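Before any comments, here is the structure.
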Amino acid sequence: MLNDRSILITGGTGSFGSQFVKRVLDRYRPKKVIIYSRDEYKQFVMGNEYKTHGQNDRLRFFIGDIRDESRLKRAMREVDYVIHAAALKQVPACEYNPNEAIKTNIGGAVNVINAALDAGVKKVIALSTDKAVNPINLYGGTKLVSDKLFCAANSYSGADGTRFAVVRYGNVAGSRGSVIPFFKRIIEQGGTKLPVTDYRMTRFWISLDEGVELVIKALEEARGGETFISKIPSFKITDLAQAMLPGCEMPMVGIREGEKLHEVMITREDAMHTYEYDRHFIIYPAYNWWGENRIIPGGKPVEAEFEYSSGENQEWLSVEKIQELLKGDIAGYE
């Protein structure tokens with residue numbers, strides 16, 4: 001479906017954007033892929049990387065901020081699909097700069113929606129986070145509002161207008177700012193202790209490849225207003241530490257402000273709108289814009305009171321399995 005199509009990625013030089021571009025250029029023949037972001041140096045580095053692979057002819061680089069609606073409208077001209085990955089994501093930075101987080105994560109979402117509607121974009125997929133579920137920090141709060149905005153934007157689409165959907169996942173294994181590169185730096189510097197915030201802490205494990213695959217599935221299947229969530233294993237933070245440095249000491253340093261013990265992707269309140277598929281879940285919007293065709297075939301409703309939490313998951317990674325996964329291309333995501 002992406003052959004001969006134009007795709008725009010906001011925040012396209014980040015961990016997700018880089019992997020998404022690689023996958024799309026390897027697997028499809030898009031007309032063009034537009035990288036829309038603020039950092040000219042990251043765009044320069046990314047452009048040079050693809051020059052060496054002979055794929056730069058289909059890449060376009062737009063310097064722009066999602067706070068700038070007019071620039072977004074210019075960038076989205078004749079664009080078929082938009083992946084919205086740009087956001088202020090660091091929890092402490094958002095807490096210290098709340099106005100900036102609101103301008104980017106909420107105001108920017110409104111701008112992306114308006115620009116896509118005006119440009120006649122076919123489909124927009126917005127990236128979300130587990131922190132948007134029962135948020136306890138400002139970052140999560142802004143992403144909850146963003147998710148609601150993108151789902152509700154289908155109200156303005158009309159029968160043949162832009163379709164908006166959301167893909168939600170937690171911290172990507174090995175991505176910038178995640179615990180794996182943090183532990184890795186300590187080990188490389190000769191450290192023998194890996195600090196753990198809380199021995200009870202659990203997380204979901206998702207690779208960038210899995211995140212990209214879910215976004216592509218959403219592009220193919222979304223009818224408007226859905227939230228797509230991968231079915232992925234959980235791991236204990238203590239098991240990750242032992243996998244990376246067997247036998248290490250693990251001093252508990254205390255949970256950070258705005259941090260949760262477990263990642264939650266689907267709440268019990270969302271269960272009444274959630275369907276389970278082979279490899280993912282979909283939370284359907286409470287409002288039915290599309291009539292009988294709104295449910296994608298192949299799924300079944302989850303049980304009442306269902307909750308999808310990393311602490312109560314059915315699938316867990318052992319220390320040995322984590323070590324096996326770490327031998328892959330995780331380091332390339334840093």
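Ligands are numbered from 1 in the order shown, residues from 1 within each chain, and chains are lettered A, B, ... in the order they appear in the structure tokens.
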
Fill in: Contacts of A:Glu257 at 9 Å (only C-alpha atoms; same-chain gap of 6+ positions) as an MDAnalysis selection string
chainID A and resid 91:92 137

Item to complete: Excluding A:Gly120 and any residue of its chain fewer than 6 positions from it, enumerate the residues within 10 Å of it, using only C-alpha atoms, and give them as an NGL selection string.
Response: :A and (76-81 or 157 or 160-163)

Give me the residues near A:Leu127 as a short mmCIF file (atom, residue, chain, number, x, y, z; two decimals) with N, CA, C and O atoms, in the first residue's frame, where near means some atom within 7 Å (using only C-alpha atoms) and where sequence neighbours in that chain fewer than 6 positions away do not count.
```
data_model
loop_
_atom_site.label_atom_id
_atom_site.label_comp_id
_atom_site.auth_asym_id
_atom_site.auth_seq_id
_atom_site.Cartn_x
_atom_site.Cartn_y
_atom_site.Cartn_z
N HIS A 84 2.93 10.54 12.96
CA HIS A 84 3.22 11.62 13.90
C HIS A 84 4.02 11.06 15.08
O HIS A 84 3.48 10.46 16.00
N ALA A 85 5.35 11.26 15.03
CA ALA A 85 6.24 10.75 16.08
C ALA A 85 6.87 11.87 16.90
O ALA A 85 7.51 11.59 17.92
N VAL A 166 -4.25 5.65 16.39
CA VAL A 166 -3.15 5.76 17.35
C VAL A 166 -2.48 4.41 17.51
O VAL A 166 -3.15 3.36 17.49
N VAL A 167 -1.16 4.41 17.64
CA VAL A 167 -0.40 3.21 18.01
C VAL A 167 0.28 3.48 19.35
O VAL A 167 0.96 4.50 19.51
N ARG A 168 0.07 2.59 20.31
CA ARG A 168 0.59 2.80 21.66
C ARG A 168 1.60 1.71 22.03
O ARG A 168 1.32 0.53 21.86
#
```

Worksheet item: Suppose you want the space between atom CA of A:Ile136 and atom CA of A:Ala286; what is it in Å?
Response: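 Pair atom CA of A:Ile136 / atom CA of A:Ala286 returns 23.6 Å.
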
What's around A:Lys131 at 8 Å? Count only C-alpha atoms, leave out sequence neighbours fewer than 2 positions away in its own chain, and write the answer as a PDB file with N, CA and C atoms, in the first residue's frame.
```pdb
ATOM      1  N   THR A 129       2.049   6.368  24.031  1.00  0.00           N
ATOM      2  CA  THR A 129       2.931   5.805  25.043  1.00  0.00           C
ATOM      3  C   THR A 129       2.110   5.216  26.179  1.00  0.00           C
ATOM      4  N   VAL A 133      -1.675   6.281  29.752  1.00  0.00           N
ATOM      5  CA  VAL A 133      -2.685   5.469  30.431  1.00  0.00           C
ATOM      6  C   VAL A 133      -2.642   5.772  31.929  1.00  0.00           C
ATOM      7  N   ASN A 134      -3.742   6.282  32.478  1.00  0.00           N
ATOM      8  CA  ASN A 134      -3.772   6.706  33.882  1.00  0.00           C
ATOM      9  C   ASN A 134      -2.531   7.538  34.212  1.00  0.00           C
ATOM     10  N   PRO A 135      -2.327   8.666  33.540  1.00  0.00           N
ATOM     11  CA  PRO A 135      -1.070   9.414  33.660  1.00  0.00           C
ATOM     12  C   PRO A 135      -0.837   9.954  35.062  1.00  0.00           C
ATOM     13  N   ILE A 136       0.440   9.910  35.473  1.00  0.00           N
ATOM     14  CA  ILE A 136       0.839  10.473  36.768  1.00  0.00           C
ATOM     15  C   ILE A 136       1.906  11.541  36.590  1.00  0.00           C
ATOM     16  N   ASN A 137       2.241  11.869  35.335  1.00  0.00           N
ATOM     17  CA  ASN A 137       3.185  12.957  35.073  1.00  0.00           C
ATOM     18  C   ASN A 137       2.667  13.785  33.911  1.00  0.00           C
ATOM     19  N   TYR A 139       4.032  14.623  31.034  1.00  0.00           N
ATOM     20  CA  TYR A 139       4.216  14.003  29.719  1.00  0.00           C
ATOM     21  C   TYR A 139       3.051  13.069  29.406  1.00  0.00           C
ATOM     22  N   GLY A 140       2.732  12.178  30.348  1.00  0.00           N
ATOM     23  CA  GLY A 140       1.615  11.269  30.141  1.00  0.00           C
ATOM     24  C   GLY A 140       0.300  12.011  29.955  1.00  0.00           C
ATOM     25  N   GLY A 141       0.107  13.085  30.731  1.00  0.00           N
ATOM     26  CA  GLY A 141      -1.116  13.867  30.600  1.00  0.00           C
ATOM     27  C   GLY A 141      -1.259  14.497  29.221  1.00  0.00           C
ATOM     28  N   LYS A 143       0.103  13.418  26.464  1.00  0.00           N
ATOM     29  CA  LYS A 143      -0.089  12.379  25.452  1.00  0.00           C
ATOM     30  C   LYS A 143      -1.507  11.787  25.527  1.00  0.00           C
ATOM     31  N   GLY A 170       5.303   1.128  24.908  1.00  0.00           N
ATOM     32  CA  GLY A 170       6.113   1.710  25.970  1.00  0.00           C
ATOM     33  C   GLY A 170       7.519   2.018  25.500  1.00  0.00           C
ATOM     34  N   GLU A 263       4.122  -0.982  33.516  1.00  0.00           N
ATOM     35  CA  GLU A 263       3.523  -0.319  32.364  1.00  0.00           C
ATOM     36  C   GLU A 263       2.124  -0.878  32.146  1.00  0.00           C
ATOM     37  N   VAL A 264       1.170   0.004  31.930  1.00  0.00           N
ATOM     38  CA  VAL A 264      -0.204  -0.407  31.622  1.00  0.00           C
ATOM     39  C   VAL A 264      -0.555   0.137  30.243  1.00  0.00           C
TER      40      VAL A 264
END
```

Worksheet item: Using only C-alpha atoms, which residues sit within 7 Å of A:Ala304 once same-chain residues fewer than 2 positions away are excluded, as a ChimeraX atom specification?
Response: /A:271-272,302,306

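If only C-alpha atoms are the atoms counted, then among A:Gly258, A:Gly224, A:Gly64, A:Gly11 the closest residue to A:Cys94 is A:Gly258.
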
Practice prompt. Within 6 Å of A:Val124, counting only C-alpha atoms, which residues show up once you throw out same-chain ones fewer than 3 positions away? Write them as a PyMOL selection string, please.
Written response: chain A and resi 81-83+164

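Minimum atom-to-atom distances from A:Glu49, A:Glu305, A:Glu226, A:Glu312 to A:Cys151 were compared using only C-alpha atoms, and the lowest value belongs to A:Glu226.
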
Worksheet entry | Backbone DSSP call of alpha helix (DSSP H) for stretch 17-101 of chain A, listed as a PyMOL selection string | chain A and resi 17-27+40-52+69-75+91-96+98-101

Store the residues picked out above, limited to N, CA and C atoms, as a CSV table (one decimal), in the first residue's frame.
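part-v4.csv was written with the following content:
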```csv
chain,number,residue,atom,x,y,z
A,17,GLY,N,11.6,7.0,13.8
A,17,GLY,CA,11.6,7.5,12.5
A,17,GLY,C,12.7,6.9,11.6
A,18,SER,N,13.9,6.8,12.2
A,18,SER,CA,15.1,6.2,11.5
A,18,SER,C,14.8,4.8,11.1
A,19,GLN,N,14.2,4.0,12.0
A,19,GLN,CA,13.9,2.6,11.7
A,19,GLN,C,12.8,2.5,10.7
A,20,PHE,N,11.8,3.4,10.8
A,20,PHE,CA,10.6,3.3,9.9
A,20,PHE,C,11.1,3.6,8.5
A,21,VAL,N,11.9,4.6,8.3
A,21,VAL,CA,12.4,5.0,7.0
A,21,VAL,C,13.1,3.8,6.4
A,22,LYS,N,14.0,3.2,7.2
A,22,LYS,CA,14.8,2.1,6.7
A,22,LYS,C,13.9,1.0,6.2
A,23,ARG,N,12.9,0.6,7.0
A,23,ARG,CA,12.0,-0.5,6.7
A,23,ARG,C,11.2,-0.1,5.4
A,24,VAL,N,10.7,1.1,5.3
A,24,VAL,CA,9.8,1.5,4.2
A,24,VAL,C,10.7,1.5,2.9
A,25,LEU,N,11.9,2.0,2.9
A,25,LEU,CA,12.7,2.0,1.7
A,25,LEU,C,13.2,0.7,1.3
A,26,ASP,N,13.4,-0.2,2.3
A,26,ASP,CA,13.8,-1.6,2.0
A,26,ASP,C,12.7,-2.4,1.4
A,27,ARG,N,11.5,-2.2,1.9
A,27,ARG,CA,10.4,-3.1,1.5
A,27,ARG,C,9.4,-2.6,0.4
A,40,GLU,N,18.5,20.4,12.1
A,40,GLU,CA,19.2,20.4,10.8
A,40,GLU,C,20.4,19.4,10.8
A,41,TYR,N,21.1,19.3,11.9
A,41,TYR,CA,22.2,18.4,11.9
A,41,TYR,C,21.8,17.0,11.8
A,42,LYS,N,20.8,16.6,12.6
A,42,LYS,CA,20.3,15.2,12.5
A,42,LYS,C,19.8,14.9,11.1
A,43,GLN,N,19.2,15.8,10.5
A,43,GLN,CA,18.7,15.6,9.1
A,43,GLN,C,19.9,15.5,8.1
A,44,PHE,N,21.0,16.3,8.4
A,44,PHE,CA,22.2,16.2,7.6
A,44,PHE,C,22.8,14.8,7.7
A,45,VAL,N,22.9,14.3,9.0
A,45,VAL,CA,23.5,13.0,9.2
A,45,VAL,C,22.7,11.9,8.5
A,46,MET,N,21.4,12.0,8.7
A,46,MET,CA,20.5,11.0,8.1
A,46,MET,C,20.6,11.0,6.6
A,47,GLY,N,20.6,12.2,6.0
A,47,GLY,CA,20.7,12.3,4.5
A,47,GLY,C,22.0,11.7,4.0
A,48,ASN,N,23.1,11.9,4.7
A,48,ASN,CA,24.4,11.3,4.3
A,48,ASN,C,24.4,9.8,4.4
A,49,GLU,N,23.7,9.3,5.4
A,49,GLU,CA,23.6,7.9,5.6
A,49,GLU,C,22.9,7.2,4.4
A,50,TYR,N,21.9,7.8,3.9
A,50,TYR,CA,21.1,7.2,2.8
A,50,TYR,C,21.8,7.5,1.5
A,51,LYS,N,22.6,8.5,1.4
A,51,LYS,CA,23.4,8.7,0.2
A,51,LYS,C,24.3,7.5,-0.1
A,52,THR,N,24.9,7.0,1.0
A,52,THR,CA,25.8,5.9,0.8
A,52,THR,C,25.1,4.6,0.4
A,69,GLU,N,1.7,25.6,12.3
A,69,GLU,CA,0.7,24.9,11.5
A,69,GLU,C,0.9,25.3,10.0
A,70,SER,N,1.2,26.5,9.7
A,70,SER,CA,1.4,26.9,8.3
A,70,SER,C,2.5,26.1,7.6
A,71,ARG,N,3.6,25.8,8.3
A,71,ARG,CA,4.7,25.0,7.8
A,71,ARG,C,4.3,23.6,7.6
A,72,LEU,N,3.5,23.1,8.5
A,72,LEU,CA,3.0,21.7,8.4
A,72,LEU,C,2.1,21.6,7.1
A,73,LYS,N,1.2,22.6,6.9
A,73,LYS,CA,0.4,22.5,5.7
A,73,LYS,C,1.2,22.5,4.4
A,74,ARG,N,2.2,23.3,4.4
A,74,ARG,CA,3.1,23.3,3.2
A,74,ARG,C,3.8,22.0,3.0
A,75,ALA,N,4.2,21.4,4.1
A,75,ALA,CA,4.9,20.1,4.0
A,75,ALA,C,4.0,19.0,3.6
A,91,VAL,N,10.4,12.8,30.7
A,91,VAL,CA,9.5,13.1,31.8
A,91,VAL,C,10.0,14.3,32.6
A,92,PRO,N,11.3,14.3,33.1
A,92,PRO,CA,11.8,15.5,33.9
A,92,PRO,C,11.7,16.8,33.1
A,93,ALA,N,12.0,16.8,31.9
A,93,ALA,CA,12.0,18.0,31.1
A,93,ALA,C,10.6,18.5,30.9
A,94,CYS,N,9.6,17.7,30.8
A,94,CYS,CA,8.2,18.1,30.7
A,94,CYS,C,7.8,18.7,32.0
A,95,GLU,N,8.2,18.1,33.1
A,95,GLU,CA,7.8,18.6,34.4
A,95,GLU,C,8.4,20.0,34.7
A,96,TYR,N,9.6,20.2,34.2
A,96,TYR,CA,10.2,21.5,34.5
A,96,TYR,C,9.8,22.5,33.5
A,98,PRO,N,6.5,22.8,31.7
A,98,PRO,CA,5.2,22.4,31.4
A,98,PRO,C,4.6,23.1,30.2
A,99,ASN,N,4.8,24.4,30.1
A,99,ASN,CA,4.2,25.1,29.0
A,99,ASN,C,4.7,24.7,27.7
A,100,GLU,N,6.0,24.3,27.6
A,100,GLU,CA,6.6,23.9,26.4
A,100,GLU,C,6.1,22.5,26.0
A,101,ALA,N,5.9,21.6,27.0
A,101,ALA,CA,5.3,20.3,26.7
A,101,ALA,C,3.9,20.4,26.2
```

Worksheet item: Within 6 Å of stretch 316-324 of chain A, counting only C-alpha atoms, which residues qualify if same-chain residues fewer than 4 places away don't, as a PyMOL selection string?
Response: chain A and resi 233-235+239+243
